[in-house]
$ cat model.tsv   # TSV, C-alpha atoms
chain	number	residue	atom	x	y	z
B	1	MET	CA	-104.11	-23.16	-81.93
B	2	GLY	CA	-102.43	-20.69	-79.58
B	3	PRO	CA	-104.21	-18.46	-77.03
B	4	ILE	CA	-104.33	-15.40	-79.33
B	5	ASP	CA	-105.75	-17.44	-82.20
B	6	GLN	CA	-108.28	-18.98	-79.79
B	7	SER	CA	-109.22	-15.49	-78.63
B	8	GLU	CA	-109.69	-14.28	-82.19
B	9	ALA	CA	-111.92	-17.25	-83.00
B	10	LEU	CA	-114.03	-16.56	-79.88
B	11	HIS	CA	-114.36	-12.89	-80.81
B	12	ARG	CA	-115.69	-13.93	-84.21
B	13	ARG	CA	-118.21	-16.22	-82.52
B	14	ALA	CA	-119.26	-13.48	-80.11
B	15	ARG	CA	-119.76	-10.95	-82.91
B	16	ALA	CA	-121.74	-13.48	-84.94
B	17	PHE	CA	-123.97	-14.11	-81.91
B	18	ILE	CA	-124.49	-10.37	-81.34
B	19	GLU	CA	-125.43	-9.74	-84.95
B	20	ALA	CA	-127.79	-12.73	-85.10
B	21	SER	CA	-129.44	-11.88	-81.78
B	22	LEU	CA	-130.19	-8.38	-83.04
B	23	ARG	CA	-132.08	-9.87	-85.96
B	24	VAL	CA	-134.06	-12.07	-83.57
B	25	ASP	CA	-134.72	-9.35	-80.99
B	26	ARG	CA	-136.08	-6.68	-83.30
B	27	VAL	CA	-137.21	-3.45	-81.72
B	28	GLY	CA	-140.84	-2.89	-82.54
B	29	SER	CA	-142.15	-2.35	-79.05
B	30	THR	CA	-141.05	-1.47	-75.55
B	31	GLY	CA	-140.40	-5.17	-75.00
B	32	ALA	CA	-137.21	-5.00	-77.02
B	33	GLY	CA	-134.44	-6.47	-74.95
B	34	ARG	CA	-136.65	-7.33	-72.00
B	35	ALA	CA	-136.17	-11.07	-72.24
B	36	ALA	CA	-132.42	-10.58	-72.14
B	37	ALA	CA	-132.66	-9.46	-68.53
B	38	ALA	CA	-133.08	-13.03	-67.42
B	39	SER	CA	-132.81	-15.19	-70.52
B	40	PRO	CA	-131.47	-15.17	-74.08
B	41	PRO	CA	-133.60	-14.70	-77.19
B	42	GLN	CA	-136.32	-17.28	-77.45
B	43	ASP	CA	-135.76	-18.23	-81.10
B	44	GLN	CA	-132.51	-20.10	-80.53
B	45	GLY	CA	-132.79	-21.71	-83.95
B	46	ALA	CA	-132.03	-18.36	-85.57
B	47	LEU	CA	-128.75	-18.06	-83.64
B	48	PRO	CA	-125.41	-19.59	-84.67
B	49	GLU	CA	-125.18	-21.29	-81.24
B	50	THR	CA	-126.88	-21.07	-77.88
B	51	PHE	CA	-126.14	-18.40	-75.32
B	52	ASP	CA	-124.99	-21.06	-72.86
B	53	ALA	CA	-122.66	-22.79	-75.31
B	54	LEU	CA	-120.84	-19.57	-76.13
B	55	ALA	CA	-120.69	-18.45	-72.49
B	56	ILE	CA	-119.12	-21.76	-71.48
B	57	ALA	CA	-116.63	-21.62	-74.36
B	58	LEU	CA	-115.55	-18.19	-73.15
B	59	ALA	CA	-115.31	-19.42	-69.56
B	60	ARG	CA	-113.09	-22.32	-70.62
B	61	HIS	CA	-110.75	-20.01	-72.50
B	62	GLN	CA	-110.58	-17.59	-69.57
B	63	ALA	CA	-109.99	-20.35	-66.99
B	64	ALA	CA	-107.16	-21.72	-69.14
B	65	HIS	CA	-105.35	-18.42	-69.68
B	66	CYS	CA	-106.30	-16.04	-66.84
B	67	ALA	CA	-104.82	-16.99	-63.45
B	68	PRO	CA	-107.34	-15.14	-61.21
B	69	VAL	CA	-110.26	-16.79	-63.06
B	70	ALA	CA	-108.57	-20.19	-62.79
B	71	ARG	CA	-108.10	-19.72	-59.02
B	72	LEU	CA	-111.76	-18.78	-58.57
B	73	PHE	CA	-112.93	-21.81	-60.52
B	74	GLU	CA	-110.65	-24.12	-58.54
B	75	ALA	CA	-111.73	-22.66	-55.19
B	76	ARG	CA	-115.39	-23.10	-56.15
B	77	GLY	CA	-114.84	-26.64	-57.39
B	78	ALA	CA	-116.17	-25.55	-60.77
B	79	ASP	CA	-115.40	-28.10	-63.49
B	80	VAL	CA	-115.57	-26.01	-66.63
B	81	ALA	CA	-115.41	-29.12	-68.80
B	82	ALA	CA	-118.66	-30.38	-67.26
B	83	MET	CA	-120.63	-27.12	-67.41
B	84	ASP	CA	-123.74	-26.97	-69.56
B	85	HIS	CA	-125.34	-23.71	-68.38
B	86	ALA	CA	-124.02	-20.17	-67.95
B	87	ALA	CA	-125.41	-20.07	-64.41
B	88	GLN	CA	-122.70	-22.56	-63.41
B	89	ILE	CA	-119.89	-20.15	-64.26
B	90	PRO	CA	-118.45	-18.52	-61.11
B	91	ALA	CA	-118.77	-14.74	-61.41
B	92	VAL	CA	-115.76	-12.47	-60.93
B	93	PRO	CA	-116.42	-9.60	-58.49
B	94	CYS	CA	-115.83	-6.14	-59.92
B	95	ASP	CA	-113.38	-5.31	-57.14
B	96	VAL	CA	-110.96	-7.96	-58.40
B	97	PHE	CA	-110.19	-5.72	-61.38
B	98	ARG	CA	-108.59	-3.31	-58.89
B	99	PHE	CA	-106.15	-5.87	-57.51
B	100	ALA	CA	-105.31	-8.33	-60.30
B	101	ARG	CA	-104.97	-8.36	-64.06
B	102	VAL	CA	-108.10	-10.05	-65.36
B	103	ALA	CA	-107.09	-10.89	-68.92
B	104	ALA	CA	-106.50	-14.04	-70.96
B	105	HIS	CA	-103.69	-12.40	-72.94
B	106	PRO	CA	-100.34	-10.81	-72.00
B	107	PRO	CA	-99.96	-7.05	-71.49
B	108	GLU	CA	-98.01	-6.66	-74.72
B	109	ALA	CA	-101.13	-7.77	-76.61
B	110	ASP	CA	-103.31	-5.00	-75.13
B	111	GLU	CA	-104.94	-2.76	-77.71
B	112	ARG	CA	-106.51	-0.60	-75.02
B	113	VAL	CA	-106.96	-0.65	-71.25
B	114	PHE	CA	-110.06	0.91	-69.71
B	115	ARG	CA	-109.78	2.09	-66.10
B	116	THR	CA	-112.37	2.90	-63.47
B	117	SER	CA	-112.67	6.47	-62.29
B	118	GLY	CA	-111.23	5.87	-58.82
B	119	THR	CA	-113.45	8.61	-57.44
B	120	SER	CA	-114.61	6.71	-54.36
B	121	LEU	CA	-111.35	5.03	-53.31
B	122	GLY	CA	-108.68	7.18	-54.94
B	123	ALA	CA	-106.70	6.96	-58.16
B	124	ALA	CA	-104.35	4.29	-56.78
B	125	SER	CA	-107.27	1.87	-56.51
B	126	ARG	CA	-108.50	2.21	-60.09
B	127	GLY	CA	-109.62	-1.04	-61.66
B	128	GLU	CA	-108.32	-2.02	-65.09
B	129	HIS	CA	-110.01	-3.92	-67.92
B	130	PRO	CA	-107.51	-4.84	-70.66
B	131	PHE	CA	-108.74	-5.40	-74.22
B	132	ARG	CA	-106.79	-7.36	-76.81
B	133	THR	CA	-109.19	-5.95	-79.40
B	134	THR	CA	-112.04	-3.48	-79.10
B	135	ALA	CA	-113.88	-4.78	-82.18
B	136	THR	CA	-116.44	-6.79	-80.22
B	137	TYR	CA	-116.89	-4.02	-77.65
B	138	GLU	CA	-117.56	-1.51	-80.44
B	139	LEU	CA	-120.09	-3.74	-82.16
B	140	ALA	CA	-121.99	-4.34	-78.90
B	141	ALA	CA	-121.95	-0.69	-77.83
B	142	LEU	CA	-123.04	0.68	-81.20
B	143	ALA	CA	-125.69	-1.96	-81.78
B	144	TRP	CA	-127.52	-1.46	-78.49
B	145	GLY	CA	-126.97	2.30	-78.49
B	146	GLU	CA	-128.64	2.48	-81.90
B	147	ARG	CA	-131.56	0.37	-80.70
B	148	LEU	CA	-132.34	2.50	-77.67
B	149	LEU	CA	-130.88	5.97	-78.38
B	150	TRP	CA	-131.45	6.49	-82.12
B	151	PRO	CA	-133.79	3.70	-83.30
B	152	ASP	CA	-135.45	6.20	-85.67
B	153	GLY	CA	-132.25	6.60	-87.66
B	154	ALA	CA	-132.38	10.37	-87.19
B	155	ARG	CA	-129.45	12.52	-88.25
B	156	LEU	CA	-128.22	13.76	-84.90
B	157	ARG	CA	-125.64	16.23	-83.73
B	158	THR	CA	-123.59	14.98	-80.77
B	159	ILE	CA	-123.11	17.27	-77.78
B	160	VAL	CA	-120.96	15.72	-75.06
B	161	LEU	CA	-120.64	16.61	-71.37
B	162	ALA	CA	-117.48	14.56	-70.91
B	163	PRO	CA	-113.82	14.93	-71.87
B	164	PRO	CA	-112.80	14.08	-75.43
B	165	LEU	CA	-111.13	10.70	-75.86
B	166	HIS	CA	-107.63	12.13	-76.21
B	167	GLU	CA	-107.95	13.68	-72.73
B	168	ALA	CA	-109.26	10.46	-71.16
B	169	PRO	CA	-107.99	7.60	-73.35
B	170	ASP	CA	-108.63	5.01	-70.64
B	171	SER	CA	-112.31	5.92	-70.15
B	172	SER	CA	-114.71	3.29	-71.45
B	173	LEU	CA	-117.48	5.92	-71.46
B	174	GLY	CA	-115.32	8.30	-73.46
B	175	PHE	CA	-114.48	5.54	-75.93
B	176	MET	CA	-118.14	4.60	-76.36
B	177	ILE	CA	-119.25	8.21	-76.86
B	178	ASP	CA	-116.45	8.77	-79.37
B	179	ARG	CA	-117.72	5.79	-81.38
B	180	PHE	CA	-121.31	7.05	-81.12
B	181	ALA	CA	-120.26	10.43	-82.53
B	182	ALA	CA	-118.39	8.77	-85.39
B	183	ARG	CA	-121.37	6.53	-86.22
B	184	LEU	CA	-123.87	9.40	-86.16
B	185	SER	CA	-121.46	11.37	-88.40
B	186	GLY	CA	-123.04	14.77	-87.70
B	187	PRO	CA	-121.35	17.74	-86.02
B	188	ALA	CA	-119.92	16.79	-82.62
B	189	SER	CA	-118.60	18.86	-79.74
B	190	TRP	CA	-117.17	18.11	-76.29
B	191	HIS	CA	-117.75	20.47	-73.37
B	192	VAL	CA	-115.63	19.17	-70.51
B	193	ARG	CA	-112.00	20.03	-71.10
B	194	GLY	CA	-109.11	20.16	-68.68
B	195	GLY	CA	-111.50	19.07	-65.95
B	196	GLU	CA	-113.73	22.12	-66.44
B	197	LEU	CA	-117.29	22.34	-67.73
B	198	ASP	CA	-117.58	24.60	-70.76
B	199	ALA	CA	-121.18	25.70	-70.24
B	200	ALA	CA	-120.88	28.58	-72.67
B	201	GLY	CA	-119.63	26.25	-75.38
B	202	PHE	CA	-122.52	23.92	-74.64
B	203	ALA	CA	-124.97	26.80	-75.09
B	204	ARG	CA	-123.33	27.69	-78.43
B	205	ALA	CA	-123.64	24.07	-79.61
B	206	CYS	CA	-127.33	24.13	-78.71
B	207	ALA	CA	-127.78	27.41	-80.58
B	208	GLU	CA	-126.12	25.90	-83.65
B	209	ALA	CA	-128.48	22.94	-83.45
B	210	ARG	CA	-131.47	25.27	-83.24
B	211	ALA	CA	-130.23	27.31	-86.18
B	212	SER	CA	-129.75	24.22	-88.32
B	213	GLY	CA	-132.96	22.56	-87.16
B	214	GLU	CA	-130.99	19.34	-86.57
B	215	PRO	CA	-131.82	17.47	-83.36
B	216	ALA	CA	-129.02	16.59	-80.97
B	217	LEU	CA	-128.03	13.67	-78.82
B	218	VAL	CA	-126.64	15.06	-75.56
B	219	LEU	CA	-124.51	12.60	-73.60
B	220	GLY	CA	-122.95	13.03	-70.18
B	221	THR	CA	-122.59	11.93	-66.60
B	222	SER	CA	-125.17	12.76	-63.98
B	223	PHE	CA	-122.78	15.03	-62.12
B	224	ALA	CA	-121.93	16.95	-65.30
B	225	PHE	CA	-125.63	17.55	-65.86
B	226	VAL	CA	-126.00	18.84	-62.29
B	227	HIS	CA	-123.27	21.41	-62.94
B	228	LEU	CA	-124.67	22.27	-66.35
B	229	LEU	CA	-128.14	22.92	-64.97
B	230	GLU	CA	-126.72	25.28	-62.37
B	231	HIS	CA	-124.93	27.27	-65.08
B	232	LEU	CA	-127.96	27.34	-67.36
B	233	LEU	CA	-130.17	28.54	-64.57
B	234	GLU	CA	-127.78	31.22	-63.37
B	235	HIS	CA	-126.18	32.56	-66.55
B	236	LEU	CA	-127.30	31.32	-69.91
B	237	LEU	CA	-130.97	30.68	-70.48
B	238	GLU	CA	-132.27	34.19	-69.88
B	239	ALA	CA	-129.41	35.77	-71.83
B	240	GLN	CA	-129.53	33.64	-74.98
B	241	LEU	CA	-132.92	31.95	-75.34
B	242	PRO	CA	-136.07	33.71	-76.60
B	243	GLU	CA	-139.07	33.43	-74.35
B	244	GLY	CA	-140.98	30.19	-74.89
B	245	ALA	CA	-138.25	28.62	-77.04
B	246	ALA	CA	-136.65	25.27	-76.27
B	247	LEU	CA	-132.90	25.01	-75.90
B	248	LEU	CA	-132.76	22.08	-78.38
B	249	PRO	CA	-134.73	21.34	-81.58
B	250	ASP	CA	-137.55	18.81	-81.69
B	251	GLY	CA	-136.33	15.22	-81.84
B	252	SER	CA	-133.39	15.84	-79.53
B	253	ARG	CA	-132.65	13.33	-76.80
B	254	VAL	CA	-130.36	12.86	-73.80
B	255	MET	CA	-128.30	9.99	-72.41
B	256	GLN	CA	-127.16	10.36	-68.82
B	257	THR	CA	-125.05	7.85	-66.96
B	258	GLY	CA	-123.16	7.31	-63.75
B	259	GLY	CA	-123.71	8.37	-60.19
B	260	TYR	CA	-122.03	10.68	-57.73
B	261	LYS	CA	-119.25	8.49	-56.31
B	262	GLY	CA	-117.16	10.56	-53.92
B	263	ARG	CA	-119.14	13.73	-54.66
B	264	SER	CA	-120.68	16.03	-52.10
B	265	ARG	CA	-123.93	16.77	-53.89
B	266	GLU	CA	-126.58	14.31	-55.03
B	267	VAL	CA	-129.86	14.90	-56.84
B	268	PRO	CA	-132.63	12.27	-56.82
B	269	ALA	CA	-132.83	10.49	-60.18
B	270	GLU	CA	-136.35	11.58	-61.06
B	271	GLU	CA	-135.68	15.16	-60.02
B	272	LEU	CA	-132.59	15.26	-62.24
B	273	ARG	CA	-134.48	13.71	-65.17
B	274	ALA	CA	-137.25	16.31	-64.88
B	275	SER	CA	-134.73	19.15	-64.59
B	276	ILE	CA	-132.83	18.01	-67.68
B	277	ALA	CA	-136.04	17.65	-69.69
B	278	ARG	CA	-137.29	21.07	-68.62
B	279	ALA	CA	-133.99	22.90	-69.19
B	280	LEU	CA	-133.19	21.34	-72.57
B	281	GLY	CA	-136.76	21.29	-73.84
B	282	VAL	CA	-137.04	17.55	-74.47
B	283	PRO	CA	-139.82	15.18	-73.38
B	284	LEU	CA	-139.25	13.16	-70.21
B	285	SER	CA	-139.31	10.01	-72.34
B	286	HIS	CA	-136.31	11.32	-74.29
B	287	VAL	CA	-134.05	11.48	-71.22
B	288	VAL	CA	-132.55	7.99	-71.11
B	289	SER	CA	-130.36	6.61	-68.35
B	290	GLU	CA	-127.56	4.19	-69.20
B	291	TYR	CA	-126.10	1.49	-66.95
B	292	GLY	CA	-122.60	0.35	-67.69
B	293	MET	CA	-119.30	-0.28	-66.01
B	294	THR	CA	-115.65	-0.57	-66.92
B	295	GLU	CA	-115.65	-4.28	-66.16
B	296	LEU	CA	-118.32	-4.99	-68.80
B	297	SER	CA	-118.34	-4.67	-72.58
B	298	SER	CA	-122.11	-4.11	-72.89
B	299	GLN	CA	-124.56	-1.52	-71.59
B	300	LEU	CA	-128.19	-1.40	-70.47
B	301	TYR	CA	-130.59	1.48	-71.21
B	302	GLU	CA	-134.03	2.59	-70.21
B	303	GLY	CA	-136.54	1.86	-72.96
B	304	THR	CA	-138.59	5.05	-72.73
B	305	LEU	CA	-137.23	6.73	-75.86
B	306	ALA	CA	-137.56	3.66	-78.09
B	307	ALA	CA	-141.13	3.16	-76.86
B	308	ALA	CA	-142.06	6.81	-77.43
B	309	LEU	CA	-140.64	6.82	-80.95
B	310	ALA	CA	-142.46	3.58	-81.75
B	311	GLY	CA	-145.71	4.99	-80.36
B	312	THR	CA	-145.90	2.18	-77.83
B	313	PRO	CA	-146.88	3.33	-74.34
B	314	GLY	CA	-145.93	1.68	-71.10
B	315	ALA	CA	-142.11	1.71	-70.93
B	316	ALA	CA	-141.31	2.79	-67.39
B	317	PRO	CA	-138.33	4.90	-66.39
B	318	ARG	CA	-135.82	3.18	-64.10
B	319	LEU	CA	-136.39	-0.14	-65.92
B	320	TYR	CA	-133.30	-0.99	-67.92
B	321	LEU	CA	-133.27	-3.21	-70.97
B	322	ALA	CA	-130.35	-5.59	-71.41
B	323	PRO	CA	-129.07	-6.60	-74.84
B	324	PRO	CA	-129.78	-10.22	-75.81
B	325	TRP	CA	-126.10	-11.17	-75.58
B	326	THR	CA	-126.18	-10.48	-71.83
B	327	ARG	CA	-128.02	-12.15	-68.99
B	328	VAL	CA	-128.75	-10.31	-65.75
B	329	THR	CA	-129.69	-12.26	-62.62
B	330	ALA	CA	-130.34	-11.11	-59.05
B	331	VAL	CA	-128.37	-13.24	-56.60
B	332	ASP	CA	-128.32	-13.62	-52.83
B	333	PRO	CA	-125.68	-11.31	-51.25
B	334	GLU	CA	-124.49	-14.05	-48.88
B	335	THR	CA	-124.52	-17.17	-51.05
B	336	LEU	CA	-124.55	-15.65	-54.57
B	337	ALA	CA	-127.30	-18.15	-55.40
B	338	PRO	CA	-129.83	-16.97	-58.01
B	339	LEU	CA	-133.06	-15.52	-56.67
B	340	PRO	CA	-136.60	-15.85	-58.06
B	341	ALA	CA	-137.84	-13.25	-60.54
B	342	GLY	CA	-138.89	-10.09	-58.73
B	343	ALA	CA	-136.69	-10.66	-55.67
B	344	ILE	CA	-134.12	-8.03	-54.74
B	345	GLY	CA	-130.50	-9.12	-54.90
B	346	LEU	CA	-127.11	-8.24	-56.34
B	347	ALA	CA	-126.71	-8.05	-60.10
B	348	ARG	CA	-124.79	-10.91	-61.67
B	349	ILE	CA	-124.17	-10.20	-65.37
B	350	VAL	CA	-123.09	-12.66	-68.03
B	351	ASP	CA	-121.74	-10.62	-70.94
B	352	LEU	CA	-120.81	-12.53	-74.10
B	353	ALA	CA	-118.85	-9.50	-75.35
B	354	ASN	CA	-116.37	-9.96	-72.45
B	355	VAL	CA	-114.23	-12.36	-74.45
B	356	ASP	CA	-110.76	-11.84	-73.00
B	357	SER	CA	-111.51	-11.09	-69.33
B	358	ALA	CA	-114.44	-12.56	-67.38
B	359	VAL	CA	-117.68	-13.55	-69.06
B	360	ALA	CA	-119.53	-13.55	-65.72
B	361	ILE	CA	-119.29	-10.45	-63.52
B	362	GLN	CA	-120.58	-10.07	-59.96
B	363	THR	CA	-121.54	-6.51	-59.06
B	364	ALA	CA	-122.45	-4.90	-55.76
B	365	ASP	CA	-125.47	-3.20	-57.35
B	366	ARG	CA	-128.89	-4.07	-55.93
B	367	VAL	CA	-131.45	-4.99	-58.58
B	368	ARG	CA	-134.87	-6.46	-59.12
B	369	VAL	CA	-135.10	-8.48	-62.35
B	370	THR	CA	-138.45	-9.23	-63.99
B	371	ALA	CA	-139.71	-9.95	-67.48
B	372	GLU	CA	-140.12	-6.17	-67.90
B	373	GLY	CA	-136.46	-5.38	-67.35
B	374	VAL	CA	-133.88	-4.64	-64.68
B	375	GLU	CA	-134.74	-2.18	-61.92
B	376	LEU	CA	-131.67	-0.58	-60.35
B	377	LEU	CA	-131.93	0.00	-56.63
B	378	GLY	CA	-128.52	1.46	-55.82
B	379	ARG	CA	-125.25	0.12	-54.51
B	380	ALA	CA	-125.10	-2.21	-51.53
B	381	SER	CA	-124.00	0.00	-48.64
B	382	GLY	CA	-120.81	-0.41	-46.64
B	383	ALA	CA	-118.34	-3.22	-47.20
B	384	PRO	CA	-118.67	-5.59	-50.16
B	385	PRO	CA	-121.42	-8.15	-49.52
B	386	ARG	CA	-120.10	-11.31	-47.93
B	387	GLY	CA	-120.47	-13.47	-51.04
B	388	CYS	CA	-118.50	-10.96	-53.13
B	389	SER	CA	-115.79	-10.70	-50.48
B	390	ILE	CA	-115.33	-14.47	-50.35
B	391	ALA	CA	-115.13	-14.71	-54.13
B	392	MET	CA	-112.53	-11.93	-54.25
B	393	ASP	CA	-110.42	-13.67	-51.58
B	394	GLN	CA	-110.60	-16.90	-53.57
B	395	MET	CA	-109.48	-15.19	-56.78
B	396	LEU	CA	-106.56	-13.50	-55.10
B	397	GLY	CA	-105.41	-16.78	-53.58
B	398	GLY	CA	-106.36	-16.01	-50.00
B	399	GLY	CA	-108.66	-18.90	-49.20
B	400	PRO	CA	-110.55	-22.00	-50.33
$ encode --input "model.tsv" --output "structure tokens"
Amino acid sequence: MGPIDQSEALHRRARAFIEASLRVDRVGSTGAGRAAAASPPQDQGALPETFDALAIALARHQAAHCAPVARLFEARGADVAAMDHAAQIPAVPCDVFRFARVAAHPPEADERVFRTSGTSLGAASRGEHPFRTTATYELAALAWGERLLWPDGARLRTIVLAPPLHEAPDSSLGFMIDRFAARLSGPASWHVRGGELDAAGFARACAEARASGEPALVLGTSFAFVHLLEHLLEHLLEAQLPEGAALLPDGSRVMQTGGYKGRSREVPAEELRASIARALGVPLSHVVSEYGMTELSSQLYEGTLAAALAGTPGAAPRLYLAPPWTRVTAVDPETLAPLPAGAIGLARIVDLANVDSAVAIQTADRVRVTAEGVELLGRASGAPPRGCSIAMDQMLGGGP
């Protein structure tokens, strides 16, 4: 069996695992997805194989066909044939995607390449994540988005504060939102075009939602929401909205994502959440933050909306729920060794949907992982933490 056939077989295994794990990890409470922060679903008998077995199969394929991964494994003395637990897989630092092609297939087999924004280090330093197929990515994104953004199965309009996919074809966020809009199948509109926010168009889309009585899912980056709120405050609300009326119909909800890399203005997370809720007329619980990155194929979400819709109190904002086909661990910044539950470290993420690149990713994001979820504490400041820097040097062939 050649590398492409091996890849296709692994994608089928990954999709089978994702689908089975969703049946095991049913959302009926705010606990949905919590166990995935540190461990896979508990009822392994209902899965086609164990989390660890599939993770190691992916690691073997990647070590055999992706040179940077092979160099990292060799430098770490990692014997992939002897591994029996996902924790033994050396994690690829995110920064490596900026300097080397991390893919187990040749460029001519790329279906799509997602690129990082390059906002903090410039366009020339954009990382790339090649995909031989997006089928597994789509399944993972839609499945977890449905669980935590529209678990009630509501018919939702889609209002997007991001460029349409044809303007940003290499944006993983744009691709995911495009698939969300297609799945929800209601009216959809995009209100960042040519690099400019179309606040007036956004207001019209909200008015159409109010007139139809159909709730909306509003999706966008944090910085887009900052700009939108300024426009609403200065120009639109008083002119177009009757006194006491909400901008969006009941049942509407918001997904915000991303930070302010390279931007001059920042707004504290809770202040931004409250401002969005107040301006759009949605409950605080219905403003959901997403955590994702170009180097991953899966996303994490706050569980506040799912909990509110299920009538289950207690889901805290800033606690992110990981899908059961991922495993998030806090590791020591110096040694990259796993830390006890509740300790603050850097997020190491094993993502079974990352079939053709790197199943284990090492981020520079500070986290605290508990049974309740993943608490994000911001990026590690300054240079990459020492453990990440060493791993990157090993992958790029610069040292043992």
$ closest_residue --input "model.tsv" --among "B:Trp190, B:Tyr320, B:Phe180, B:Phe97" --to "B:Ile361" --atoms "all atoms listed in the file"
B:Phe97
$ closest_atom_pairs --input "model.tsv" --of "stretch 244-357 of chain B" --to "stretch 46-60 of chain B" --cutoff "10 Å" --atoms "all atoms listed in the file" --output "Markdown table"
| residue | atom | partner | partner_atom | distance |
| --- | --- | --- | --- | --- |
| B:Pro324 | CA | B:Phe51 | CA | 9.0 |
| B:Trp325 | CA | B:Phe51 | CA | 7.2 |
| B:Thr326 | CA | B:Phe51 | CA | 8.7 |
| B:Arg327 | CA | B:Phe51 | CA | 9.1 |
| B:Val350 | CA | B:Ala55 | CA | 7.7 |
| B:Asp351 | CA | B:Ala55 | CA | 8.1 |
| B:Leu352 | CA | B:Ala55 | CA | 6.1 |
| B:Ala353 | CA | B:Leu58 | CA | 9.6 |
| B:Asn354 | CA | B:Leu58 | CA | 8.3 |
| B:Val355 | CA | B:Leu58 | CA | 6.1 |
| B:Asp356 | CA | B:Leu58 | CA | 8.0 |
| B:Ser357 | CA | B:Leu58 | CA | 9.0 |
$ closest_residue --input "model.tsv" --among "B:Trp144, B:His65, B:His166, B:Arg273" --to "B:Pro106" --atoms "all atoms listed in the file"
B:His65
$ closest_residue --input "model.tsv" --among "B:Arg13, B:His231, B:His286, B:His105" --to "B:Leu197" --atoms "only C-alpha atoms"
B:His231
$ residues_around --input "model.tsv" --residues "stretch 365-378 of chain B" --least-positions-apart "5" --cutoff "6 Å" --atoms "all atoms listed in the file" --output "PyMOL selection string"
chain B and resi 34+37+318-321+341-347
$ atom_distance --input "model.tsv" --atom1 "atom CA of B:Arg278" --atom2 "atom CA of B:Pro164"
26.4 Å
$ axis_aligned_box --input "model.tsv" --around "stretch 313-332 of chain B" --padding-each-side "4 Å" --output "AutoDock Vina command-line options"
--center_x -136.5 --center_y -4.4 --center_z -64.3 --size_x 28.8 --size_y 26.5 --size_z 31.0
$ closest_residue --input "model.tsv" --among "B:Leu161, B:Cys94, B:Val102, B:Met293" --to "B:Val69" --atoms "all atoms listed in the file"
B:Val102
$ residues_around --input "model.tsv" --residues "B:Glu295" --least-positions-apart "6" --cutoff "12 Å" --atoms "only C-alpha atoms" --output "NGL selection string"
:B and (91-98 or 101-103 or 113-117 or 126-131 or 137 or 171-173 or 349-351 or 353-363)
